[in-house]
Structure formats: structure tokens, C-alpha cells
>>> print(open('coords-v9.cif').read())   # mmCIF, C-alpha atoms
data_work
#
loop_
_atom_site.label_atom_id
_atom_site.label_comp_id
_atom_site.auth_asym_id
_atom_site.auth_seq_id
_atom_site.Cartn_x
_atom_site.Cartn_y
_atom_site.Cartn_z
CA MET G 558 -7.61 10.07 12.14
CA TRP G 559 -5.33 12.75 10.67
CA PHE G 560 -8.02 15.24 9.84
CA SER G 561 -11.46 15.95 11.06
CA MET G 562 -14.26 14.68 8.86
CA LYS G 563 -15.27 18.27 8.24
CA PHE G 564 -11.87 18.96 6.73
CA ARG G 565 -12.09 15.82 4.59
CA MET G 566 -15.41 16.85 3.15
CA LYS G 567 -14.28 20.38 2.34
CA THR G 568 -11.08 19.17 0.66
CA HIS G 569 -12.51 16.20 -1.23
CA ARG G 570 -12.59 17.97 -4.58
CA VAL G 571 -8.98 19.09 -4.13
CA ALA G 572 -7.98 15.57 -3.10
CA SER G 573 -9.55 14.03 -6.18
CA ASP G 574 -7.74 16.53 -8.38
CA LEU G 575 -4.43 15.70 -6.71
CA VAL G 576 -4.98 11.98 -7.23
CA SER G 577 -5.57 12.65 -10.92
CA ARG G 578 -2.44 14.78 -11.14
CA PHE G 579 -0.44 12.10 -9.34
CA GLY G 580 -1.57 9.54 -11.91
CA ARG G 581 -0.55 11.82 -14.79
CA PHE G 582 2.79 12.49 -13.12
CA LEU G 583 3.52 8.76 -12.85
CA GLY G 584 2.52 8.26 -16.46
CA GLN G 585 4.99 10.93 -17.56
CA ASN G 586 7.81 10.20 -15.12
CA GLY G 587 7.23 6.65 -13.98
CA SER G 588 10.78 5.75 -14.98
CA VAL G 589 12.09 7.80 -12.07
CA PHE G 590 10.57 5.22 -9.73
CA ARG G 591 11.20 2.14 -11.87
CA GLY G 592 14.86 2.85 -12.47
CA ASP G 593 14.64 2.75 -16.28
CA THR G 594 15.18 6.41 -17.11
CA PRO G 595 16.05 6.73 -20.81
CA ARG G 596 19.57 7.89 -21.56
CA GLY G 597 19.90 11.58 -22.24
CA ARG G 598 16.97 12.61 -20.03
CA SER G 599 17.99 15.06 -17.35
CA PHE G 600 16.37 15.90 -14.05
CA ASN G 601 16.74 18.65 -11.49
CA GLU G 602 18.49 16.51 -8.93
CA ASN G 603 17.17 17.69 -5.59
CA GLY G 604 13.94 19.19 -6.90
CA THR G 605 12.79 16.03 -8.66
CA MET G 606 13.45 13.83 -5.64
CA ARG G 607 11.52 16.18 -3.36
CA MET G 608 8.70 16.41 -5.91
CA ALA G 609 8.50 12.64 -6.20
CA CYS G 610 8.35 12.22 -2.44
CA ARG G 611 5.77 14.96 -1.96
CA ILE G 612 3.52 13.73 -4.75
CA GLY G 613 3.87 10.22 -3.34
CA VAL G 614 2.62 11.45 0.01
CA LEU G 615 -0.26 13.30 -1.64
CA GLY G 616 -1.17 10.18 -3.58
CA LEU G 617 -1.29 8.06 -0.42
CA VAL G 618 -3.21 10.62 1.61
CA CYS G 619 -5.63 11.38 -1.19
CA GLY G 620 -6.13 7.66 -1.73
CA CYS G 621 -7.53 7.52 1.78
CA LEU G 622 -9.65 10.63 1.23
CA SER G 623 -10.94 9.58 -2.19
CA GLY G 624 -13.13 6.91 -0.57
CA LEU G 625 -15.29 9.71 0.75
CA GLY G 626 -16.90 10.20 -2.65
CA ASP G 627 -19.35 13.04 -3.45
CA LEU G 628 -21.30 13.97 -0.37
CA ARG G 629 -24.58 15.70 -1.17
CA HIS G 630 -25.92 18.75 0.59
CA ALA G 631 -29.11 18.14 2.50
CA ASN G 632 -31.53 21.07 2.29
CA GLY G 633 -28.55 23.40 2.14
CA GLN G 634 -27.41 22.36 5.62
CA GLY G 635 -24.85 19.75 6.62
CA PHE G 636 -24.44 16.62 4.53
CA GLN G 637 -26.18 13.34 3.94
CA ILE G 638 -24.86 9.94 2.94
CA THR G 639 -26.46 6.97 1.21
CA GLN G 640 -25.77 3.27 1.65
CA THR G 641 -24.04 3.25 -1.74
CA GLN G 642 -21.69 5.96 -0.53
CA PHE G 643 -21.04 4.10 2.73
CA GLU G 644 -20.15 0.92 0.83
CA SER G 645 -17.81 2.89 -1.44
CA TRP G 646 -15.83 3.87 1.66
CA ILE G 647 -15.39 0.18 2.52
CA PHE G 648 -14.50 -1.03 -0.96
CA SER G 649 -12.50 2.03 -1.98
CA GLY G 650 -11.19 1.51 -5.54
CA MET G 651 -13.31 -1.64 -5.92
CA GLN G 652 -16.41 0.59 -5.72
CA ASN G 653 -18.98 -1.98 -4.55
CA SER G 654 -19.48 -5.48 -3.15
CA ILE G 655 -20.02 -7.12 -6.56
CA ALA G 656 -16.73 -5.82 -7.95
CA ALA G 657 -14.96 -6.61 -4.68
CA ARG G 658 -16.15 -10.24 -4.63
CA LYS G 659 -14.98 -10.75 -8.22
CA ALA G 660 -11.58 -9.17 -7.52
CA LEU G 661 -11.10 -11.26 -4.38
CA ASN G 662 -12.07 -14.51 -6.13
CA ASP G 663 -9.60 -13.66 -8.90
CA ARG G 664 -7.02 -13.11 -6.18
CA ILE G 665 -7.46 -16.71 -5.01
CA GLU G 666 -6.34 -17.91 -8.45
CA ILE G 667 -3.36 -15.57 -8.31
CA GLU G 668 -2.38 -17.06 -4.93
CA LEU G 669 -2.66 -20.55 -6.40
CA ASP G 670 -0.46 -19.53 -9.32
CA ARG G 671 2.12 -18.22 -6.87
CA VAL G 672 2.25 -21.53 -5.04
CA GLU G 673 2.54 -23.42 -8.30
CA GLN G 674 5.50 -21.30 -9.30
CA PHE G 675 7.34 -23.07 -6.50
CA THR G 676 5.83 -26.55 -6.52
CA PRO G 677 3.16 -28.34 -8.63
CA LEU G 678 -0.21 -28.89 -6.95
CA GLU G 679 -2.67 -31.69 -7.47
CA GLU G 680 -6.25 -30.73 -8.34
CA SER G 681 -7.50 -31.92 -4.94
CA GLN G 682 -5.00 -29.61 -3.25
CA LYS G 683 -6.13 -26.67 -5.37
CA THR G 684 -9.76 -27.39 -4.44
CA ARG G 685 -8.99 -27.28 -0.72
CA ILE G 686 -7.02 -24.05 -1.04
CA ARG G 687 -9.77 -22.41 -3.11
CA PHE G 688 -12.34 -23.42 -0.52
CA ALA G 689 -10.22 -21.87 2.23
CA GLY G 690 -9.84 -18.65 0.23
CA LYS G 691 -13.61 -18.43 -0.20
CA GLY G 692 -13.85 -18.84 3.57
CA ASP G 693 -11.62 -15.78 4.03
CA ILE G 694 -13.86 -13.83 1.67
CA SER G 695 -17.03 -14.99 3.44
CA ARG G 696 -15.60 -14.04 6.81
CA PHE G 697 -14.81 -10.56 5.51
CA PHE G 698 -18.29 -10.07 4.07
CA VAL G 699 -19.90 -11.17 7.34
CA ASP G 700 -18.17 -8.15 8.91
CA VAL G 701 -19.18 -5.97 5.96
CA ASP G 702 -22.84 -7.00 6.36
CA GLU G 703 -22.65 -6.23 10.06
CA ALA G 704 -21.32 -2.74 9.31
CA ILE G 705 -24.06 -2.16 6.73
CA GLU G 706 -26.71 -3.22 9.25
CA LYS G 707 -25.34 -0.65 11.69
CA PHE G 708 -25.55 1.94 8.92
CA LYS G 709 -29.17 0.99 8.21
CA LEU G 710 -30.06 1.35 11.89
CA LYS G 711 -28.74 4.90 11.86
CA GLU G 712 -30.49 5.59 8.58
CA ALA G 713 -33.79 4.33 10.05
CA GLN G 714 -33.45 6.80 12.90
CA GLY G 715 -33.54 9.67 10.44
CA GLU G 716 -31.46 11.39 7.82
CA ILE G 717 -27.74 10.84 8.31
CA GLY G 718 -26.07 14.21 8.57
CA GLN G 719 -22.69 15.70 9.23
CA ASP G 720 -22.65 14.75 12.91
CA GLN G 721 -22.86 11.03 12.10
CA ILE G 722 -20.42 10.96 9.18
CA ASN G 723 -17.26 10.72 11.28
CA GLU G 724 -18.73 7.82 13.27
CA LEU G 725 -19.72 5.97 10.09
CA TYR G 726 -16.35 6.54 8.47
CA GLN G 727 -14.68 5.07 11.57
CA LEU G 728 -16.94 2.04 11.09
CA ALA G 729 -15.93 1.62 7.44
CA MET G 730 -12.23 2.38 7.78
CA PRO G 731 -11.05 -0.90 9.43
CA LEU G 732 -12.76 -2.87 6.65
CA GLN G 733 -11.12 -0.71 4.00
CA GLN G 734 -7.75 -1.27 5.69
CA ARG G 735 -8.25 -5.05 5.62
CA LEU G 736 -8.85 -4.87 1.87
CA ASN G 737 -5.82 -2.63 1.34
CA LYS G 738 -3.61 -5.00 3.29
CA GLY G 739 -5.04 -8.09 1.56
CA LEU G 740 -7.30 -10.86 2.85
CA PHE G 741 -4.83 -13.63 2.10
CA GLY G 742 -1.94 -12.83 4.42
CA ALA G 743 0.07 -15.28 6.51
CA ASP G 744 -2.76 -15.72 9.04
CA SER G 745 -5.51 -16.24 6.46
CA LEU G 746 -7.37 -19.53 6.05
CA LEU G 747 -6.00 -19.78 2.52
CA LYS G 748 -2.38 -19.63 3.66
CA LYS G 749 -2.97 -21.94 6.63
CA VAL G 750 -4.67 -24.56 4.46
CA ALA G 751 -2.01 -24.20 1.76
CA ARG G 752 0.69 -24.89 4.33
CA ALA G 753 -1.24 -27.88 5.70
CA THR G 754 -2.21 -29.25 2.28
CA VAL G 755 1.20 -29.60 0.68
CA ASN G 756 3.28 -32.64 1.62
CA ASP G 757 6.58 -32.37 3.47
CA GLN G 758 8.67 -32.29 0.32
CA GLN G 759 6.45 -29.66 -1.30
CA ALA G 760 6.49 -27.61 1.90
CA ALA G 761 10.29 -27.66 2.05
CA GLU G 762 10.55 -26.69 -1.63
CA LEU G 763 7.96 -23.95 -1.20
CA LYS G 764 9.68 -22.47 1.84
CA GLU G 765 13.12 -22.46 0.21
CA LEU G 766 11.90 -21.02 -3.07
CA GLN G 767 9.86 -18.32 -1.35
CA ARG G 768 12.89 -17.36 0.73
CA ASN G 769 15.06 -17.13 -2.38
CA GLN G 770 12.42 -15.17 -4.26
CA GLY G 771 12.18 -12.69 -1.38
CA LYS G 772 15.95 -12.25 -1.34
CA ARG G 773 16.04 -11.64 -5.09
CA LYS G 774 13.23 -9.11 -4.93
CA LEU G 775 14.93 -7.23 -2.09
CA GLU G 776 18.27 -7.26 -3.91
CA LEU G 777 16.63 -5.80 -7.03
CA ALA G 778 14.79 -3.20 -4.93
CA TYR G 779 17.97 -2.14 -3.13
CA ALA G 780 19.88 -1.85 -6.41
CA ALA G 781 17.05 0.15 -8.03
CA TYR G 782 16.89 2.48 -5.03
CA VAL G 783 20.64 3.16 -5.21
CA GLY G 784 20.40 3.72 -8.98
CA ASN G 785 17.48 6.14 -8.65
CA LEU G 786 19.11 8.09 -5.84
CA ASN G 787 22.36 8.27 -7.80
CA ARG G 788 20.51 10.20 -10.54
CA HIS G 789 19.61 12.92 -8.04
CA VAL G 790 22.56 12.67 -5.66
CA PRO G 791 25.58 11.67 -7.80
CA MET G 792 27.89 9.19 -6.07
CA THR G 793 31.28 7.67 -6.73
CA THR G 794 31.51 3.94 -7.43
CA LYS G 795 32.89 3.45 -3.92
CA GLN G 796 29.93 5.35 -2.42
CA ARG G 797 27.38 3.37 -4.45
CA ASP G 798 28.89 0.08 -3.29
CA ALA G 799 29.01 1.25 0.32
CA PHE G 800 25.41 2.51 0.18
CA LEU G 801 24.17 -0.73 -1.35
CA GLY G 802 25.97 -2.63 1.41
CA LEU G 803 24.30 -0.40 4.00
CA LEU G 804 20.84 -1.20 2.60
CA ARG G 805 21.57 -4.94 2.47
CA ASN G 806 22.92 -5.12 6.01
CA ASP G 807 20.90 -2.53 7.93
CA VAL G 808 17.57 -1.98 6.13
CA LYS G 809 15.66 -5.06 7.24
CA ILE G 810 12.29 -5.64 5.57
CA SER G 811 10.05 -8.45 6.79
CA ASN G 812 7.66 -8.49 3.82
CA PRO G 813 9.55 -8.09 0.53
CA SER G 814 6.38 -8.88 -1.45
CA GLY G 815 4.68 -5.65 -0.31
CA GLN G 816 3.59 -3.22 -3.03
CA TYR G 817 5.14 -0.17 -1.30
CA LEU G 818 8.67 -1.60 -1.15
CA THR G 819 10.42 1.53 -2.47
CA TYR G 820 8.69 3.71 0.11
CA ILE G 821 9.53 1.26 2.88
CA ILE G 822 13.22 1.32 1.96
CA MET G 823 13.21 5.12 2.16
CA ILE G 824 11.41 5.03 5.52
CA LYS G 825 13.80 2.46 6.98
CA LEU G 826 16.79 4.44 5.69
CA SER G 827 15.50 7.59 7.39
CA GLU G 828 15.35 5.71 10.71
CA LEU G 829 18.95 4.45 10.65
CA PRO G 830 21.51 5.98 13.06
CA ALA G 831 22.90 9.16 11.48
CA GLU G 832 26.52 8.02 11.68
CA LYS G 833 25.89 5.09 9.33
CA ILE G 834 24.88 7.44 6.51
CA GLU G 835 27.45 10.09 7.41
CA ALA G 836 30.23 7.53 6.97
CA ILE G 837 29.40 7.26 3.24
CA PHE G 838 28.42 10.73 1.99
CA ASP G 839 29.80 14.26 2.03
CA ASP G 840 27.91 17.23 3.48
CA ALA G 841 26.18 18.27 0.23
CA GLN G 842 25.03 14.72 -0.43
CA LEU G 843 23.83 14.32 3.16
CA ASN G 844 21.75 17.49 2.94
CA ALA G 845 20.05 16.24 -0.24
CA ILE G 846 19.35 12.81 1.25
CA ARG G 847 18.12 14.18 4.57
CA SER G 848 15.71 16.50 2.77
CA MET G 849 13.66 13.37 1.99
CA PHE G 850 13.35 12.23 5.61
CA PRO G 851 10.41 14.47 6.67
CA GLN G 852 8.42 13.10 3.71
CA ALA G 853 9.39 9.57 4.74
CA LYS G 854 7.71 10.12 8.12
CA MET G 855 4.56 11.35 6.43
CA ILE G 856 4.51 8.38 4.06
CA LYS G 857 4.90 5.98 7.00
CA ALA G 858 1.93 7.59 8.73
CA SER G 859 -0.08 7.32 5.49
CA LEU G 860 0.74 3.63 5.09
CA LYS G 861 -0.30 2.99 8.68
CA GLN G 862 -3.53 4.89 8.09
CA MET G 863 -4.21 2.71 5.03
CA GLY G 864 -3.44 -0.49 6.91
CA ALA G 865 -0.56 -1.16 4.49
CA TRP G 866 2.32 -0.96 7.00
CA ASP G 867 3.26 -4.39 8.34
CA GLU G 868 6.91 -3.88 9.26
#
>>> encode(input="coords-v9.cif", output="C-alpha cells")
Amino acid sequence: MWFSMKFRMKTHRVASDLVSRFGRFLGQNGSVFRGDTPRGRSFNENGTMRMACRIGVLGLVCGCLSGLGDLRHANGQGFQITQTQFESWIFSGMQNSIAARKALNDRIEIELDRVEQFTPLEESQKTRIRFAGKGDISRFFVDVDEAIEKFKLKEAQGEIGQDQINELYQLAMPLQQRLNKGLFGADSLLKKVARATVNDQQAAELKELQRNQGKRKLELAYAAYVGNLNRHVPMTTKQRDAFLGLLRNDVKISNPSGQYLTYIIMIKLSELPAEKIEAIFDDAQLNAIRSMFPQAKMIKASLKQMGAWDE
């Protein structure tokens, strides 16, 4: 854990405020990240990039902290926690088990739609895949119920105070990370059954189309990253082409469907040998680009903490 639980509790109100500010910032300046900045809008080149990175880090860190919720004082000493609060740590933005089950069941349909984008499925195939997805959900909630039972045992022993909070948060955190990462990854029952359910021709089509889709998404992400950086660190056409080639050839990403793709590109870039970047940019440009690298390390640690780093 990055911080002690005592620090988390004392800074929760600040964390919540920062999350709110981060949301407002994205609403006002989301084009900086999307690459669709309206013409005529100007930015402080280095300052905006640093601000974006720093607020991104705060958003990720505070996202982890926000699951702590409002801890109530117990008789003016220490803190106490209810089962509702404990479950909110597990389900994070989903709040509770009812909302989480609905969101996860909806996710099964999204996964089916994704498969059907590549190859049509028969109704019997959809039924088998849905059943497997429900198995993934059931397996997750078996572990959730086990964690809740452990909470109840502690609760039965007496009021849960500050001394037990860190232990309980450690119990909830792995479950929260599984939700953040997604229950329907490559090793899930849903994906295994989907691979086994489709026939050989469908499987070949699915594999090829998924590969092409991943390549297209990466290509768009690389181009958007170069375009965004060019707004803050102006480049010549030759430099832009060379930088895009560097990303294509040296920034390898195993999961192009991840939701933090822009952050991952920045992290991977910061880990490249220095001479590869030095061969493209001048000293002033290098200083501006390197100023992002400390934030990249912090973002990587945040993604790992959230269970969202799978590179």
C-alpha cells in the first residue's frame, strides 16, 4: 500500500475534492487528451502537459482512495466501519452488490456484441457464452461473500475500529482490483467458452479481425499521442514522422483494448533507452518531454495499485 490507512482516512475529504476537480478539468479540457482541440485555442505548452499528467495521477490515486467513503467517528475516538462501507470498498464506483451484478450482466452482452462484430453467432452459441459469463460472475461473488463473512466475524467480536481498518481494506482491495481489471479477460470462463464454441472458420475470422482491430486502435492511439504532444512540444514534419515510427516500432503494448492506453504509451515511452528519443529531438524539446517521465512512473504505480496494469 502506498499510504498508511491513517493517512487515507485523514485525506479522504481532500481526495474526493480532487476527484471532483479532475472531472471538471476533463469536461473543460477533454480535447487535450482526445486530440480534437478546436482550432484557435492556445495552451501553455509545457505547463498544460505537466498539469494534465499531474491531474491524471491525482485522478488515479484518488480513485483508489475514494472507495474509502465517509468513515464515522466512534465516541470521538478512532473510527468505525459498517458492512455497507466495507462493500463499497469492494465495488468502488458500482457502490453495492446489486448495482455490480447488473453492470456485470450488462457486460456479458457487450462481450457478445464484440464477438458478433467479427463473426455472426447462432443463438445456441450465445446461450453457452452467456452461461459461462454468469459463471465468472458467480465465482467472483463467492469470493465477495467469503470476504463479507470475514468482516462479519470481526464485527461480531466487537466494534470495528481504526486498528482493524487496514486489515479489512487489504481484504477488500484484491476484489476491487479484479473488478477494475474486468472479470472477462483472456482467462475467464466466458472467453474460454467463446473460443471453444465457435467453429474453426469462425475462430480464424475472429482471431484475424481482432488482430486487425488491435492494430488499428494502436495506430490511432500512436497518431493521437504524437498530435497531442506536438501541441505542447512543437515538432517539424520530419520529427513527427520519426517519433511516430519510434512509437510503432519500440512501444510494444500487449493489450490495445485497455482503457488507459494513452497513459500506457507515455509510460512505455519513458522507459525507452534515452538515445532513441535523443536521436529525434533537440535539447529544449527533450527537456519538455522528460519533464513528464516522473509522472509516468507515478501513473504506472497507480495502475498497478488499481489492478489495471497488465503489460
>>> atom_distance(input="coords-v9.cif", atom1="CA of Leu732 in chain G", atom2="CA of Gly690 in chain G")
17.3 Å
>>> resolve_selection(input="coords-v9.cif", expression="the PyMOL selection byres ((chain G and resi 662) around 12)", output="list in words")
Ile655, Ala656, Ala657, Arg658, Lys659, Ala660, Leu661, Asp663, Arg664, Ile665, Glu666, Ile667, Glu668, Leu669, Ile686, Arg687, Phe688, Ala689, Gly690, Lys691, Gly692, Asp693, Ile694, Ser695, Leu740, Phe741 and Leu747 of chain G
>>> atom_distance(input="coords-v9.cif", atom1="CA of Arg685 in chain G", atom2="CA of Val701 in chain G")
24.5 Å
>>> atom_distance(input="coords-v9.cif", atom1="CA of Met730 in chain G", atom2="CA of Glu712 in chain G")
18.6 Å
>>> closest_residue(input="coords-v9.cif", among="G:Ser681, G:Ser654, G:Pro791, G:Gln759", to="Val699 in chain G", atoms="only C-alpha atoms")
G:Ser654
>>> resolve_selection(input="coords-v9.cif", expression="the PyMOL selection byres ((chain G and resi 708) around 12)", output="PyMOL selection string")
chain G and resi 638-644+701-707+709-717+721-722+724-729
>>> resolve_selection(input="coords-v9.cif", expression="the PyMOL selection byres ((chain G and resi 866) around 12)", output="VMD selection string")
chain G and resid 734 to 735 737 to 739 810 to 812 815 to 818 820 to 821 824 to 825 856 to 865 867 to 868
>>> closest_residue(input="coords-v9.cif", among="G:Phe800, G:Glu835, G:Ala751, G:His789", to="Met849 in chain G", atoms="only C-alpha atoms")
G:His789
>>> residues_around(input="coords-v9.cif", residues="Arg768 in chain G", least_positions_apart="4", cutoff="12 Å", atoms="only C-alpha atoms", output="ChimeraX atom specification")
/G:675,761-764,772-775,811-814
>>> closest_residue(input="coords-v9.cif", among="G:Gln767, G:Gln719, G:Gln796, G:Ser745", to="Ile834 in chain G", atoms="only C-alpha atoms")
G:Gln796
>>> residues_around(input="coords-v9.cif", residues="Phe838 in chain G", least_positions_apart="3", cutoff="10 Å", atoms="only C-alpha atoms", output="list of chain:residue names")
G:Val790, G:Met792, G:Thr793, G:Gln796, G:Arg797, G:Ala799, G:Phe800, G:Lys833, G:Ile834, G:Glu835, G:Ala841, G:Gln842, G:Leu843, G:Asn844, G:Ile846
>>> closest_residue(input="coords-v9.cif", among="G:Val783, G:Ile647, G:Leu746, G:Leu766", to="Arg696 in chain G", atoms="only C-alpha atoms")
G:Leu746
>>> closest_residue(input="coords-v9.cif", among="G:Gln758, G:Asn723, G:Asn653, G:Ser645", to="Pro677 in chain G", atoms="only C-alpha atoms")
G:Gln758
>>> closest_residue(input="coords-v9.cif", among="G:Leu736, G:Gln674, G:Ser649, G:Thr684", to="Gln770 in chain G", atoms="all atoms listed in the file")
G:Gln674
>>> build_atoms(input="coords-v9.cif", residues="range 697-724 of chain G", atoms="N, CA and C atoms", output="PDB file, in the coordinates of the input")
ATOM      1  N   PHE G 697     -14.882 -12.008   5.695  1.00  0.00           N
ATOM      2  CA  PHE G 697     -14.810 -10.560   5.510  1.00  0.00           C
ATOM      3  C   PHE G 697     -16.187  -9.971   5.266  1.00  0.00           C
ATOM      4  N   PHE G 698     -16.978 -10.627   4.409  1.00  0.00           N
ATOM      5  CA  PHE G 698     -18.290 -10.070   4.070  1.00  0.00           C
ATOM      6  C   PHE G 698     -19.300 -10.208   5.206  1.00  0.00           C
ATOM      7  N   VAL G 699     -19.073 -11.133   6.129  1.00  0.00           N
ATOM      8  CA  VAL G 699     -19.900 -11.170   7.340  1.00  0.00           C
ATOM      9  C   VAL G 699     -19.707  -9.859   8.115  1.00  0.00           C
ATOM     10  N   ASP G 700     -18.454  -9.410   8.221  1.00  0.00           N
ATOM     11  CA  ASP G 700     -18.170  -8.150   8.910  1.00  0.00           C
ATOM     12  C   ASP G 700     -18.697  -6.956   8.126  1.00  0.00           C
ATOM     13  N   VAL G 701     -18.622  -7.038   6.787  1.00  0.00           N
ATOM     14  CA  VAL G 701     -19.180  -5.970   5.960  1.00  0.00           C
ATOM     15  C   VAL G 701     -20.688  -5.860   6.178  1.00  0.00           C
ATOM     16  N   ASP G 702     -21.384  -7.004   6.164  1.00  0.00           N
ATOM     17  CA  ASP G 702     -22.840  -7.000   6.360  1.00  0.00           C
ATOM     18  C   ASP G 702     -23.206  -6.442   7.727  1.00  0.00           C
ATOM     19  N   GLU G 703     -22.388  -6.749   8.718  1.00  0.00           N
ATOM     20  CA  GLU G 703     -22.650  -6.230  10.060  1.00  0.00           C
ATOM     21  C   GLU G 703     -22.509  -4.707  10.080  1.00  0.00           C
ATOM     22  N   ALA G 704     -21.502  -4.191   9.383  1.00  0.00           N
ATOM     23  CA  ALA G 704     -21.320  -2.740   9.310  1.00  0.00           C
ATOM     24  C   ALA G 704     -22.479  -2.078   8.576  1.00  0.00           C
ATOM     25  N   ILE G 705     -22.940  -2.712   7.497  1.00  0.00           N
ATOM     26  CA  ILE G 705     -24.060  -2.160   6.730  1.00  0.00           C
ATOM     27  C   ILE G 705     -25.337  -2.148   7.563  1.00  0.00           C
ATOM     28  N   GLU G 706     -25.538  -3.185   8.377  1.00  0.00           N
ATOM     29  CA  GLU G 706     -26.710  -3.220   9.250  1.00  0.00           C
ATOM     30  C   GLU G 706     -26.668  -2.066  10.258  1.00  0.00           C
ATOM     31  N   LYS G 707     -25.479  -1.780  10.760  1.00  0.00           N
ATOM     32  CA  LYS G 707     -25.340  -0.650  11.690  1.00  0.00           C
ATOM     33  C   LYS G 707     -25.649   0.660  10.978  1.00  0.00           C
ATOM     34  N   PHE G 708     -25.220   0.761   9.708  1.00  0.00           N
ATOM     35  CA  PHE G 708     -25.550   1.940   8.920  1.00  0.00           C
ATOM     36  C   PHE G 708     -27.066   2.073   8.759  1.00  0.00           C
ATOM     37  N   LYS G 709     -27.721   0.961   8.434  1.00  0.00           N
ATOM     38  CA  LYS G 709     -29.170   0.990   8.210  1.00  0.00           C
ATOM     39  C   LYS G 709     -29.923   1.395   9.478  1.00  0.00           C
ATOM     40  N   LEU G 710     -29.424   0.961  10.631  1.00  0.00           N
ATOM     41  CA  LEU G 710     -30.060   1.350  11.890  1.00  0.00           C
ATOM     42  C   LEU G 710     -30.013   2.865  12.072  1.00  0.00           C
ATOM     43  N   LYS G 711     -28.861   3.449  11.744  1.00  0.00           N
ATOM     44  CA  LYS G 711     -28.740   4.900  11.860  1.00  0.00           C
ATOM     45  C   LYS G 711     -29.632   5.593  10.840  1.00  0.00           C
ATOM     46  N   GLU G 712     -29.667   5.011   9.636  1.00  0.00           N
ATOM     47  CA  GLU G 712     -30.490   5.590   8.580  1.00  0.00           C
ATOM     48  C   GLU G 712     -31.970   5.554   8.975  1.00  0.00           C
ATOM     49  N   ALA G 713     -32.389   4.465   9.641  1.00  0.00           N
ATOM     50  CA  ALA G 713     -33.790   4.330  10.050  1.00  0.00           C
ATOM     51  C   ALA G 713     -34.179   5.339  11.119  1.00  0.00           C
ATOM     52  N   GLN G 714     -33.182   5.818  11.837  1.00  0.00           N
ATOM     53  CA  GLN G 714     -33.450   6.800  12.900  1.00  0.00           C
ATOM     54  C   GLN G 714     -33.632   8.202  12.350  1.00  0.00           C
ATOM     55  N   GLY G 715     -33.389   8.352  11.053  1.00  0.00           N
ATOM     56  CA  GLY G 715     -33.540   9.670  10.440  1.00  0.00           C
ATOM     57  C   GLY G 715     -32.391   9.928   9.484  1.00  0.00           C
ATOM     58  N   GLU G 716     -32.477  11.043   8.800  1.00  0.00           N
ATOM     59  CA  GLU G 716     -31.460  11.390   7.820  1.00  0.00           C
ATOM     60  C   GLU G 716     -30.078  11.444   8.458  1.00  0.00           C
ATOM     61  N   ILE G 717     -29.108  10.836   7.792  1.00  0.00           N
ATOM     62  CA  ILE G 717     -27.740  10.840   8.310  1.00  0.00           C
ATOM     63  C   ILE G 717     -27.066  12.135   7.878  1.00  0.00           C
ATOM     64  N   GLY G 718     -26.683  12.913   8.847  1.00  0.00           N
ATOM     65  CA  GLY G 718     -26.070  14.210   8.570  1.00  0.00           C
ATOM     66  C   GLY G 718     -24.619  14.265   8.961  1.00  0.00           C
ATOM     67  N   GLN G 719     -24.109  15.480   8.997  1.00  0.00           N
ATOM     68  CA  GLN G 719     -22.690  15.700   9.230  1.00  0.00           C
ATOM     69  C   GLN G 719     -22.228  15.132  10.569  1.00  0.00           C
ATOM     70  N   ASP G 720     -23.053  15.215  11.573  1.00  0.00           N
ATOM     71  CA  ASP G 720     -22.650  14.750  12.910  1.00  0.00           C
ATOM     72  C   ASP G 720     -22.359  13.258  12.939  1.00  0.00           C
ATOM     73  N   GLN G 721     -23.039  12.490  12.078  1.00  0.00           N
ATOM     74  CA  GLN G 721     -22.860  11.030  12.100  1.00  0.00           C
ATOM     75  C   GLN G 721     -21.787  10.539  11.125  1.00  0.00           C
ATOM     76  N   ILE G 722     -21.328  11.417  10.230  1.00  0.00           N
ATOM     77  CA  ILE G 722     -20.420  10.960   9.180  1.00  0.00           C
ATOM     78  C   ILE G 722     -19.104  10.449   9.750  1.00  0.00           C
ATOM     79  N   ASN G 723     -18.543  11.154  10.707  1.00  0.00           N
ATOM     80  CA  ASN G 723     -17.260  10.720  11.280  1.00  0.00           C
ATOM     81  C   ASN G 723     -17.399   9.334  11.916  1.00  0.00           C
ATOM     82  N   GLU G 724     -18.493   9.119  12.632  1.00  0.00           N
ATOM     83  CA  GLU G 724     -18.730   7.820  13.270  1.00  0.00           C
ATOM     84  C   GLU G 724     -18.852   6.707  12.235  1.00  0.00           C
TER      85      GLU G 724
END
